[in-house]
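Student: One file is attached below, coords07.csv, containing CSV, C-alpha atoms.
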```csv
chain,number,residue,atom,x,y,z
A,214,MET,CA,0.0,0.0,0.0
A,215,GLU,CA,1.2,3.5,-0.9
A,216,HIS,CA,1.7,6.3,1.7
A,217,ALA,CA,4.0,9.0,0.3
A,218,LEU,CA,2.4,11.4,-2.2
A,219,SER,CA,5.1,13.3,-4.1
A,220,PRO,CA,4.3,16.1,-6.6
A,221,ALA,CA,5.4,13.8,-9.4
A,222,THR,CA,3.1,11.0,-8.2
A,223,LEU,CA,0.2,13.4,-7.8
A,224,ALA,CA,0.7,14.8,-11.3
A,225,GLU,CA,0.6,11.2,-12.6
A,226,LEU,CA,-2.5,10.3,-10.7
A,227,ARG,CA,-4.3,13.4,-12.1
A,228,ARG,CA,-3.6,12.8,-15.8
A,229,PRO,CA,-6.7,11.8,-17.9
A,230,ARG,CA,-7.3,8.1,-18.4
A,231,PRO,CA,-9.5,6.1,-20.7
A,232,TYR,CA,-12.9,5.8,-19.1
A,233,PRO,CA,-13.6,4.4,-16.6
A,234,ALA,CA,-11.0,5.4,-14.0
A,235,VAL,CA,-12.5,4.0,-10.8
A,236,SER,CA,-11.9,5.5,-7.4
A,237,VAL,CA,-13.0,3.5,-4.4
A,238,LEU,CA,-12.9,5.1,-1.0
A,239,THR,CA,-13.7,3.6,2.4
A,240,PRO,CA,-13.0,4.6,6.0
A,241,THR,CA,-10.9,2.1,8.0
A,242,HIS,CA,-9.8,1.7,11.6
A,243,ARG,CA,-6.4,1.2,13.2
A,244,ARG,CA,-5.9,-1.9,15.2
A,245,GLU,CA,-8.3,-0.9,18.0
A,246,ARG,CA,-12.1,-0.9,18.1
A,247,GLY,CA,-14.1,-1.1,14.9
A,248,SER,CA,-11.4,-2.8,12.8
A,249,GLY,CA,-13.5,-6.0,12.6
A,250,GLN,CA,-16.0,-4.2,10.3
A,251,ASP,CA,-13.3,-3.1,7.8
A,252,PRO,CA,-13.2,-6.3,5.7
A,253,VAL,CA,-17.0,-6.2,5.3
A,254,ARG,CA,-17.1,-2.5,4.3
A,255,LEU,CA,-14.3,-3.0,1.9
A,256,ARG,CA,-15.9,-5.9,0.2
A,257,ASN,CA,-19.2,-4.0,0.0
A,258,VAL,CA,-17.7,-0.9,-1.6
A,259,VAL,CA,-15.7,-2.9,-4.1
A,260,THR,CA,-18.9,-4.9,-4.9
A,261,GLU,CA,-20.7,-1.5,-5.5
A,262,ALA,CA,-17.9,-0.5,-7.9
A,263,ARG,CA,-18.4,-3.7,-9.9
A,264,ARG,CA,-22.1,-3.1,-10.0
A,265,ARG,CA,-21.6,0.4,-11.3
A,266,LEU,CA,-19.3,-0.9,-14.0
A,267,GLU,CA,-21.9,-3.6,-15.0
A,268,SER,CA,-24.7,-1.1,-15.2
A,269,ASP,CA,-22.8,1.7,-17.1
A,270,PRO,CA,-23.6,1.5,-20.8
A,271,ALA,CA,-20.5,3.6,-21.7
A,272,VAL,CA,-18.3,0.7,-20.5
A,273,THR,CA,-17.6,-2.0,-23.0
A,274,ARG,CA,-17.5,-5.7,-22.0
A,275,ASP,CA,-13.7,-6.0,-22.6
A,276,ARG,CA,-12.9,-2.8,-20.7
A,277,ARG,CA,-15.2,-3.8,-17.8
A,278,ALA,CA,-13.4,-7.1,-17.5
A,279,GLU,CA,-10.0,-5.4,-17.5
A,280,VAL,CA,-11.0,-2.8,-14.8
A,281,VAL,CA,-12.7,-5.5,-12.6
A,282,ALA,CA,-9.5,-7.6,-12.9
A,283,GLN,CA,-7.5,-4.5,-11.7
A,284,LEU,CA,-9.9,-4.0,-8.8
A,285,ASP,CA,-9.4,-7.7,-7.8
A,286,ARG,CA,-5.6,-7.3,-7.9
A,287,ALA,CA,-5.8,-4.1,-5.8
A,288,LEU,CA,-8.1,-5.9,-3.3
A,289,ALA,CA,-5.5,-8.7,-3.0
A,290,GLU,CA,-2.9,-6.1,-2.0
A,291,VAL,CA,-4.9,-4.5,0.8
A,292,ASP,CA,-3.4,-5.3,4.3
A,293,LEU,CA,-6.0,-4.3,6.9
A,294,THR,CA,-3.7,-5.4,9.7
A,295,HIS,CA,-1.8,-2.2,9.0
A,296,ALA,CA,-4.8,0.0,8.3
A,297,GLU,CA,-4.9,3.7,9.1
A,298,ASP,CA,-7.9,5.9,9.0
A,299,GLY,CA,-8.9,5.7,5.3
A,300,LEU,CA,-8.3,3.5,2.2
A,301,VAL,CA,-8.4,4.6,-1.4
A,302,ILE,CA,-8.2,2.2,-4.4
A,303,PHE,CA,-7.6,3.4,-7.9
A,304,ALA,CA,-8.3,1.1,-10.9
A,305,ALA,CA,-8.2,1.8,-14.6
A,306,PRO,CA,-7.3,-0.2,-17.7
A,307,GLY,CA,-3.8,-1.6,-17.2
A,308,GLU,CA,-3.2,-0.2,-13.7
A,309,HIS,CA,-4.2,-0.1,-10.1
A,310,GLN,CA,-3.0,1.5,-6.8
A,311,VAL,CA,-3.9,1.1,-3.1
A,312,TRP,CA,-3.4,4.1,-0.8
A,313,SER,CA,-3.5,4.0,3.0
A,314,LEU,CA,-4.3,7.4,4.6
A,315,ALA,CA,-3.9,8.8,8.1
A,316,ARG,CA,-7.2,10.8,7.6
A,317,PRO,CA,-10.8,9.5,7.3
A,318,VAL,CA,-12.4,9.5,3.9
A,319,PRO,CA,-16.1,9.2,2.9
A,320,GLU,CA,-17.3,5.9,1.6
A,321,ARG,CA,-17.9,6.3,-2.1
A,322,VAL,CA,-17.3,5.0,-5.6
A,323,VAL,CA,-16.5,7.4,-8.5
A,324,LEU,CA,-16.3,6.5,-12.2
A,325,SER,CA,-14.6,9.2,-14.3
A,326,ASP,CA,-11.8,9.9,-16.7
A,327,THR,CA,-9.5,10.9,-13.8
A,328,PHE,CA,-8.9,9.5,-10.3
A,329,LEU,CA,-10.3,11.3,-7.3
A,330,THR,CA,-7.2,12.8,-5.5
A,331,ARG,CA,-8.5,15.4,-3.2
A,332,ASN,CA,-8.6,13.1,-0.2
A,333,LEU,CA,-5.0,12.1,-0.8
A,334,VAL,CA,-4.0,15.7,-1.0
A,335,ALA,CA,-5.8,16.6,2.2
A,336,ALA,CA,-4.4,13.6,4.1
A,337,GLN,CA,-0.9,14.5,2.9
A,338,ALA,CA,-1.3,18.1,4.2
A,339,ALA,CA,-2.7,16.9,7.5
A,340,GLU,CA,0.0,14.4,8.0
A,341,ARG,CA,2.7,17.1,7.6
A,342,PRO,CA,5.3,14.8,6.0
A,343,PHE,CA,8.9,15.4,6.8
A,344,TRP,CA,12.4,14.0,6.2
A,345,VAL,CA,14.9,12.7,8.7
A,346,LEU,CA,18.5,12.5,7.7
A,347,SER,CA,20.5,10.3,10.1
A,348,ILE,CA,24.2,11.0,9.9
A,349,ALA,CA,27.1,8.8,10.9
A,350,ALA,CA,30.7,8.7,9.6
A,351,ASP,CA,30.1,5.5,7.7
A,352,ARG,CA,26.4,5.7,6.8
A,353,VAL,CA,23.8,8.3,6.0
A,354,SER,CA,20.2,7.1,6.1
A,355,LEU,CA,17.0,8.9,4.9
A,356,TRP,CA,13.7,8.4,6.6
A,357,SER,CA,10.3,9.5,5.4
A,358,GLY,CA,8.2,10.7,8.3
A,359,GLY,CA,4.5,11.2,8.8
A,360,ASP,CA,1.9,11.5,11.6
A,361,ASP,CA,3.1,8.7,13.8
A,362,ARG,CA,6.0,6.9,12.1
A,363,VAL,CA,9.1,7.1,10.0
A,364,VAL,CA,9.9,4.6,7.3
A,365,PRO,CA,13.2,4.1,5.3
A,366,SER,CA,13.4,6.0,2.1
A,367,ARG,CA,15.6,5.2,-0.9
A,368,ALA,CA,15.0,8.5,-2.6
A,369,GLY,CA,18.2,10.2,-3.8
A,370,GLY,CA,20.1,6.9,-3.6
A,371,PHE,CA,19.9,6.7,0.2
A,372,PRO,CA,21.2,5.0,2.3
A,373,LEU,CA,24.7,6.1,1.5
A,374,GLU,CA,27.5,3.9,2.9
A,375,ARG,CA,31.2,4.4,3.2
A,376,ARG,CA,33.6,1.5,3.3
A,377,ARG,CA,37.3,1.6,3.9
A,378,GLU,CA,39.9,-0.6,5.5
A,379,ASN,CA,40.1,-0.4,9.3
A,380,PHE,CA,37.2,2.1,9.4
A,381,ASP,CA,35.1,1.5,12.5
A,382,ALA,CA,33.1,4.5,13.6
A,383,GLU,CA,31.6,2.7,16.5
A,384,ARG,CA,35.0,1.7,17.9
A,385,GLN,CA,36.2,5.3,17.4
A,386,MET,CA,33.3,6.6,19.4
A,387,GLN,CA,34.1,4.1,22.2
A,388,ILE,CA,37.8,5.2,22.4
A,389,GLY,CA,37.0,8.9,22.1
A,390,ASP,CA,38.4,9.5,18.6
A,391,LEU,CA,35.1,10.5,17.0
A,392,PRO,CA,35.9,14.3,16.6
A,393,SER,CA,39.0,13.5,14.6
A,394,THR,CA,36.9,11.1,12.4
A,395,PHE,CA,34.8,14.1,11.5
A,396,ARG,CA,37.9,16.2,10.6
A,397,ASP,CA,39.1,13.5,8.2
A,398,GLU,CA,39.0,14.6,4.6
A,399,GLY,CA,37.3,11.3,3.5
A,400,THR,CA,34.5,11.9,5.9
A,401,ARG,CA,34.1,15.5,4.6
A,402,GLN,CA,33.8,14.2,1.1
A,403,PHE,CA,31.3,11.5,2.2
A,404,LEU,CA,29.1,14.2,3.8
A,405,ARG,CA,29.4,16.5,0.8
A,406,GLU,CA,28.0,13.6,-1.3
A,407,ALA,CA,25.2,13.2,1.2
A,408,ASP,CA,24.4,16.9,1.1
A,409,THR,CA,24.2,16.8,-2.7
A,410,ALA,CA,21.9,13.8,-2.7
A,411,MET,CA,19.6,15.4,0.0
A,412,SER,CA,19.5,18.7,-2.0
A,413,THR,CA,18.1,16.7,-5.0
A,414,VAL,CA,15.5,15.0,-2.8
A,415,LEU,CA,14.4,18.4,-1.4
A,416,ARG,CA,14.0,19.9,-4.9
A,417,GLU,CA,11.8,17.0,-6.0
A,418,GLN,CA,9.9,16.6,-2.7
A,419,PRO,CA,10.1,19.7,-0.5
A,420,ARG,CA,9.4,18.9,3.1
A,421,PRO,CA,10.8,20.1,6.5
A,422,LEU,CA,14.1,18.4,7.2
A,423,TYR,CA,15.4,17.1,10.5
A,424,VAL,CA,19.1,16.2,10.6
A,425,MET,CA,20.1,13.7,13.3
A,426,GLY,CA,23.6,12.7,14.5
A,427,ASP,CA,26.4,13.4,16.9
A,428,GLN,CA,27.2,17.1,17.3
A,429,ALA,CA,30.5,16.7,15.4
A,430,ALA,CA,28.6,15.1,12.5
A,431,LEU,CA,26.0,17.9,12.4
A,432,SER,CA,28.6,20.6,12.5
A,433,LEU,CA,30.6,19.1,9.7
A,434,LEU,CA,27.5,18.6,7.5
A,435,ASP,CA,26.6,22.3,8.1
A,436,GLU,CA,30.2,23.3,7.2
A,437,VAL,CA,30.5,21.3,3.9
A,438,GLY,CA,27.0,21.7,2.5
A,439,SER,CA,23.7,23.6,2.5
A,440,VAL,CA,20.9,21.3,3.6
A,441,ALA,CA,21.7,21.4,7.3
A,442,LYS,CA,21.6,25.2,7.5
A,443,ALA,CA,17.8,25.2,6.9
A,444,ALA,CA,17.1,22.0,8.8
A,445,VAL,CA,16.2,21.4,12.5
A,446,HIS,CA,19.2,19.7,14.2
A,447,VAL,CA,18.6,16.7,16.5
A,448,PRO,CA,21.9,16.1,18.3
A,449,ARG,CA,21.5,12.4,18.9
A,450,GLY,CA,24.3,10.0,17.8
A,451,GLY,CA,24.5,6.3,17.5
A,452,LEU,CA,21.5,5.9,15.1
A,453,GLY,CA,23.3,5.6,11.8
A,454,HIS,CA,22.3,1.9,11.7
A,455,ALA,CA,19.1,2.1,13.8
A,456,GLY,CA,15.7,0.9,12.9
A,457,PRO,CA,12.5,3.0,12.5
A,458,ASP,CA,11.3,2.8,16.1
A,459,ALA,CA,14.6,4.2,17.5
A,460,VAL,CA,14.7,7.0,15.0
A,461,TRP,CA,11.0,7.8,15.6
A,462,GLN,CA,11.5,8.0,19.4
A,463,ALA,CA,14.5,10.2,18.9
A,464,VAL,CA,12.8,12.7,16.6
A,465,ARG,CA,9.3,12.7,18.2
A,466,PRO,CA,9.9,15.2,21.0
A,467,VAL,CA,11.5,17.6,18.5
A,468,LEU,CA,8.5,17.2,16.2
A,469,GLU,CA,6.1,17.9,19.1
A,470,ALA,CA,8.0,21.0,20.1
A,471,GLU,CA,8.1,22.3,16.5
A,472,SER,CA,4.3,21.6,16.2
A,473,ARG,CA,3.6,23.7,19.2
A,474,LYS,CA,5.6,26.6,17.8
A,475,GLU,CA,3.9,26.3,14.4
A,476,THR,CA,0.4,26.3,16.1
A,477,ALA,CA,1.3,29.4,18.1
A,478,ALA,CA,2.5,31.1,14.9
A,479,VAL,CA,-0.8,30.3,13.1
A,480,VAL,CA,-2.9,31.7,16.0
A,481,ARG,CA,-0.8,34.9,15.9
A,482,GLU,CA,-1.4,35.3,12.2
A,483,LEU,CA,-5.2,34.7,12.5
A,484,THR,CA,-5.3,37.2,15.4
A,485,SER,CA,-3.5,39.8,13.3
A,486,ALA,CA,-5.8,39.1,10.3
A,487,ARG,CA,-8.8,40.0,12.5
A,488,GLY,CA,-7.4,43.5,13.0
A,489,HIS,CA,-6.6,43.9,9.3
A,490,ARG,CA,-10.0,42.7,8.1
A,491,THR,CA,-8.4,39.8,6.2
A,492,PHE,CA,-9.8,37.1,8.5
A,493,ALA,CA,-12.3,34.5,7.3
A,494,ALA,CA,-14.0,31.7,9.2
A,495,GLY,CA,-16.5,28.9,8.7
A,496,LEU,CA,-17.2,26.6,5.8
A,497,ASP,CA,-19.4,29.0,3.8
A,498,GLU,CA,-17.0,31.9,3.7
A,499,LEU,CA,-13.9,29.8,3.1
A,500,TRP,CA,-15.4,27.6,0.4
A,501,GLN,CA,-16.2,30.8,-1.6
A,502,SER,CA,-12.8,32.4,-0.8
A,503,ALA,CA,-10.9,29.2,-1.8
A,504,ARG,CA,-12.7,29.0,-5.2
A,505,GLU,CA,-11.7,32.6,-5.8
A,506,GLY,CA,-8.1,31.9,-4.9
A,507,ARG,CA,-8.1,34.5,-2.1
A,508,VAL,CA,-6.9,32.3,0.8
A,509,ARG,CA,-3.2,32.9,1.8
A,510,LEU,CA,-3.3,30.8,5.0
A,511,LEU,CA,-5.8,28.1,5.9
A,512,ALA,CA,-6.0,26.6,9.4
A,513,VAL,CA,-8.1,23.4,10.0
A,514,GLU,CA,-8.6,21.6,13.3
A,515,GLU,CA,-7.3,18.1,12.9
A,516,ASN,CA,-10.6,16.2,13.3
A,517,PHE,CA,-12.9,18.7,11.8
A,518,ARG,CA,-15.2,17.1,9.2
A,519,ALA,CA,-18.5,18.3,7.7
A,520,THR,CA,-21.1,17.0,5.3
A,521,VAL,CA,-23.0,19.7,3.4
A,522,ARG,CA,-25.2,20.3,0.4
A,523,ASP,CA,-24.0,23.0,-2.0
A,524,LEU,CA,-27.0,25.3,-2.9
A,525,GLY,CA,-24.8,27.6,-5.0
A,526,ALA,CA,-24.7,30.7,-2.9
A,527,HIS,CA,-24.5,28.8,0.4
A,528,LEU,CA,-23.5,25.5,1.9
A,529,VAL,CA,-26.1,23.9,4.2
A,530,PRO,CA,-25.6,21.0,6.7
A,531,ALA,CA,-26.5,17.6,5.4
A,532,GLU,CA,-26.4,14.0,6.6
A,533,PRO,CA,-23.9,11.5,5.2
A,534,GLY,CA,-25.6,9.6,2.4
A,535,ASP,CA,-28.1,12.4,1.6
A,536,ARG,CA,-28.7,13.0,-2.1
A,537,ASP,CA,-26.2,15.5,-3.5
A,538,ALA,CA,-24.4,15.7,-0.1
A,539,ARG,CA,-20.7,16.4,-0.2
A,540,ASP,CA,-19.1,14.3,2.6
A,541,ASP,CA,-15.6,15.7,2.1
A,542,ILE,CA,-16.1,19.4,1.7
A,543,VAL,CA,-13.2,20.1,4.1
A,544,ASP,CA,-10.9,18.1,1.9
A,545,GLU,CA,-12.2,20.0,-1.1
A,546,ILE,CA,-11.4,23.3,0.5
A,547,VAL,CA,-7.9,22.1,1.5
A,548,GLU,CA,-7.1,20.9,-2.0
A,549,GLN,CA,-8.5,24.1,-3.6
A,550,CYS,CA,-6.4,26.2,-1.3
A,551,LEU,CA,-3.2,24.2,-2.0
A,552,GLU,CA,-3.9,24.5,-5.8
A,553,THR,CA,-3.9,28.3,-5.5
A,554,GLY,CA,-0.7,28.4,-3.4
A,555,ALA,CA,-2.1,28.8,0.1
A,556,ASP,CA,-0.3,27.6,3.2
A,557,VAL,CA,-2.4,24.9,4.8
A,558,ARG,CA,-1.9,24.1,8.5
A,559,PHE,CA,-3.7,21.5,10.6
A,560,VAL,CA,-3.9,22.4,14.3
A,561,PRO,CA,-5.1,20.6,17.4
A,562,ASP,CA,-8.9,20.5,18.0
A,563,GLY,CA,-10.1,23.5,19.9
A,564,THR,CA,-7.3,25.8,18.7
A,565,LEU,CA,-9.6,28.0,16.6
A,566,GLY,CA,-12.2,28.7,19.3
A,567,ASP,CA,-15.3,30.3,17.8
A,568,ALA,CA,-14.2,29.8,14.2
A,569,ASP,CA,-16.1,26.5,13.9
A,570,GLY,CA,-13.1,24.3,13.0
A,571,ILE,CA,-11.8,26.2,10.0
A,572,ALA,CA,-10.3,29.7,9.6
A,573,GLY,CA,-8.1,31.6,7.2
A,574,VAL,CA,-6.1,34.7,6.3
A,575,LEU,CA,-7.1,36.2,3.0
A,576,ARG,CA,-4.8,37.8,0.4
A,577,TYR,CA,-7.3,40.6,-0.1
```
Give the structure from the file, written as structure tokens.

Tutor:
Amino acid sequence: MEHALSPATLAELRRPRPYPAVSVLTPTHRRERGSGQDPVRLRNVVTEARRRLESDPAVTRDRRAEVVAQLDRALAEVDLTHAEDGLVIFAAPGEHQVWSLARPVPERVVLSDTFLTRNLVAAQAAERPFWVLSIAADRVSLWSGGDDRVVPSRAGGFPLERRRENFDAERQMQIGDLPSTFRDEGTRQFLREADTAMSTVLREQPRPLYVMGDQAALSLLDEVGSVAKAAVHVPRGGLGHAGPDAVWQAVRPVLEAESRKETAAVVRELTSARGHRTFAAGLDELWQSAREGRVRLLAVEENFRATVRDLGAHLVPAEPGDRDARDDIVDEIVEQCLETGADVRFVPDGTLGDADGIAGVLRY
């Protein structure tokens, strides 16, 4: 199952396809309560997709068989033991993908000539993806981080490893020779290569970067390259060969501290916007402003969801499943704001006070 949505991947998902491109969405549960119903709901929603394909006169028999086969292959790849909060399946002639999301999605089936991507985009924004670069004298590892985990990444050719005769960084640490290791010209060149590789990754997939390692390693990377200068430093050595749990536990307190700082900065911007008459709040006002490209900063409480009916001039509350109801209007607003270059921030529930879960700063 896929987790990381890069700009290149999103562009590929959004390109037109031969009809029908099928998008199947269903909420799922993590290992705790409610997870027992996930297999049933998944089977039901895939069955509904097959029924829609059968009843659509625009779908030929051969194309229907091809897309159904892709749906079956996608279904076989789903691993609900590692489910998050939402699941998205894409299937079209000759291809399929399965995406696990750390954000709930509405249950729905869509047949179109493009895949439905707005829930992926909103989930990516909510998860606040980041990179962790773990530095050691003999190995530099890259980790892709999200809401509650880090996973190894091979982007940019990582991990990079340095081998030379009689090189033992762990032994040098034990005997107190680590500082001289990071003054060695070979180590300098190795970290220059790591800096160049990481610069390429950041150009292709811009994210906040956390650089982790012994203080001597962090100082040298900062000296020989550019990526560490704009990164958050995590002075924690001994993790060059560590697994994801150890890296996550090391970086988690730093992430939490950065999140608190970012939330406070968002609240200050919203407060300032009230005084300058560029403040907007509520679904109705922000839906209109998002479509006009007027939103500069959008703040959304993490668990804010809403189902509405669009009457043209106004959005009105609706129940999930109502005819013409839009179950994911918040995700639509998030995607529209990102499309027009807005900064989208998810903040803890209750942060926005009387703004009813969503607020923004307007450009004009």

Student: I need every residue sitting at most 9 Å from the point (-8.9, 26.3, 1.9) (coordinates as in the file, only C-alpha atoms considered), written as a count of residues only.

Tutor: 27

Student: Quick one: residues within 12 Å of A:Arg416, only C-alpha atoms, excluding same-chain residues fewer than 6 positions away - as a PyMOL selection string?

Tutor: chain A and resi 219-221+368-369+409-410+440

Student: Set out as CSV a contact list for stretch 323-357 of chain A and stretch 263-272 of chain A with a cut-off of 12 Å, giving each residue of stretch 323-357 of chain A that qualifies its closest atom pair and distance in Å to one decimal, counting only C-alpha atoms, ordered by chain and rising residue number.

Tutor:
```
residue,atom,partner,partner_atom,distance
A:Val323,CA,A:Arg265,CA,9.1
A:Leu324,CA,A:Arg265,CA,8.1
A:Ser325,CA,A:Ala271,CA,11.0
A:Asp326,CA,A:Ala271,CA,11.8
```

Student: Would you mind telling me which residue in A:Arg321, A:Arg277, A:Lys442, A:Arg576 lies nearest to A:Leu255 when using only C-alpha atoms?

Tutor: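 Counting only C-alpha atoms, the residue closest to A:Leu255 is A:Arg321.
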
Student: Looking at A:Glu482, A:Glu515, A:Glu417, A:Glu475, which one is nearest to A:Leu575, with distances taken over all atoms listed in the file?

Tutor: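 Of all the options, A:Glu482 lies closest to A:Leu575.
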
Student: Interatomic distance between atom CA of A:Arg243 and atom CA of A:Val311?

Tutor: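 Between atom CA of A:Arg243 and atom CA of A:Val311 the gap is 16.5 Å.
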
Student: Using only C-alpha atoms for the distances, tell me which of A:Ala455, A:Val464, A:Val253, A:Leu300 is nearest to A:Arg362.

Tutor: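 Checking each candidate against A:Arg362, we get A:Val464 as the closest.
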
Student: Between atom CA of A:Ala262 and atom CA of A:His295, measure the distance and give it in Å to one decimal.

Tutor: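 That distance, rounded to one decimal, is 23.4 Å.
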
Student: Identify which of the residues A:Ala350, A:Ala335, A:Val480, A:Ala234 lies closest to A:Gln310, counting all atoms listed in the file when measuring atom-to-atom distances.

Tutor: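 Once distances to A:Gln310 are computed over all atoms listed in the file, the minimum belongs to A:Ala234.
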
Student: Under the rule that all atoms listed in the file are counted, which of A:Ala519, A:Val301, A:Val529, A:Leu293 is the nearest residue to A:Thr239?

Tutor: A:Val301

Student: Give me, please, the distance in Å between atom CA of A:Val353 and atom CA of A:Phe371, quoted to one decimal.

Tutor: 7.2 Å

Student: Measuring between only C-alpha atoms, which one of A:Arg518, A:Arg420, A:His454, A:Arg274 shows the shortest distance to A:Arg352?

Tutor: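 Of the candidates, the smallest distance to A:Arg352 is held by A:His454.
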
Student: Using all atoms listed in the file, which residues sit within 10 Å of A:Glu297 once same-chain residues fewer than 6 positions away are excluded, as a list in words?

Tutor: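 In the requested format, the answer is Pro240, Thr241, His242, Arg243, Arg244, Ser248, Ser313, Leu314, Ala315, Arg316 and Pro317 of chain A.
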
Student: Would you pick out the contacts of stretch 451-453 of chain A at 12 Å or less, using all atoms listed in the file, so that residues sharing its chain but fewer than 5 positions from it are not included, and give the list as a PyMOL selection string?

Tutor: chain A and resi 345-356+372-375+382-387+391+424-428+430+458-464
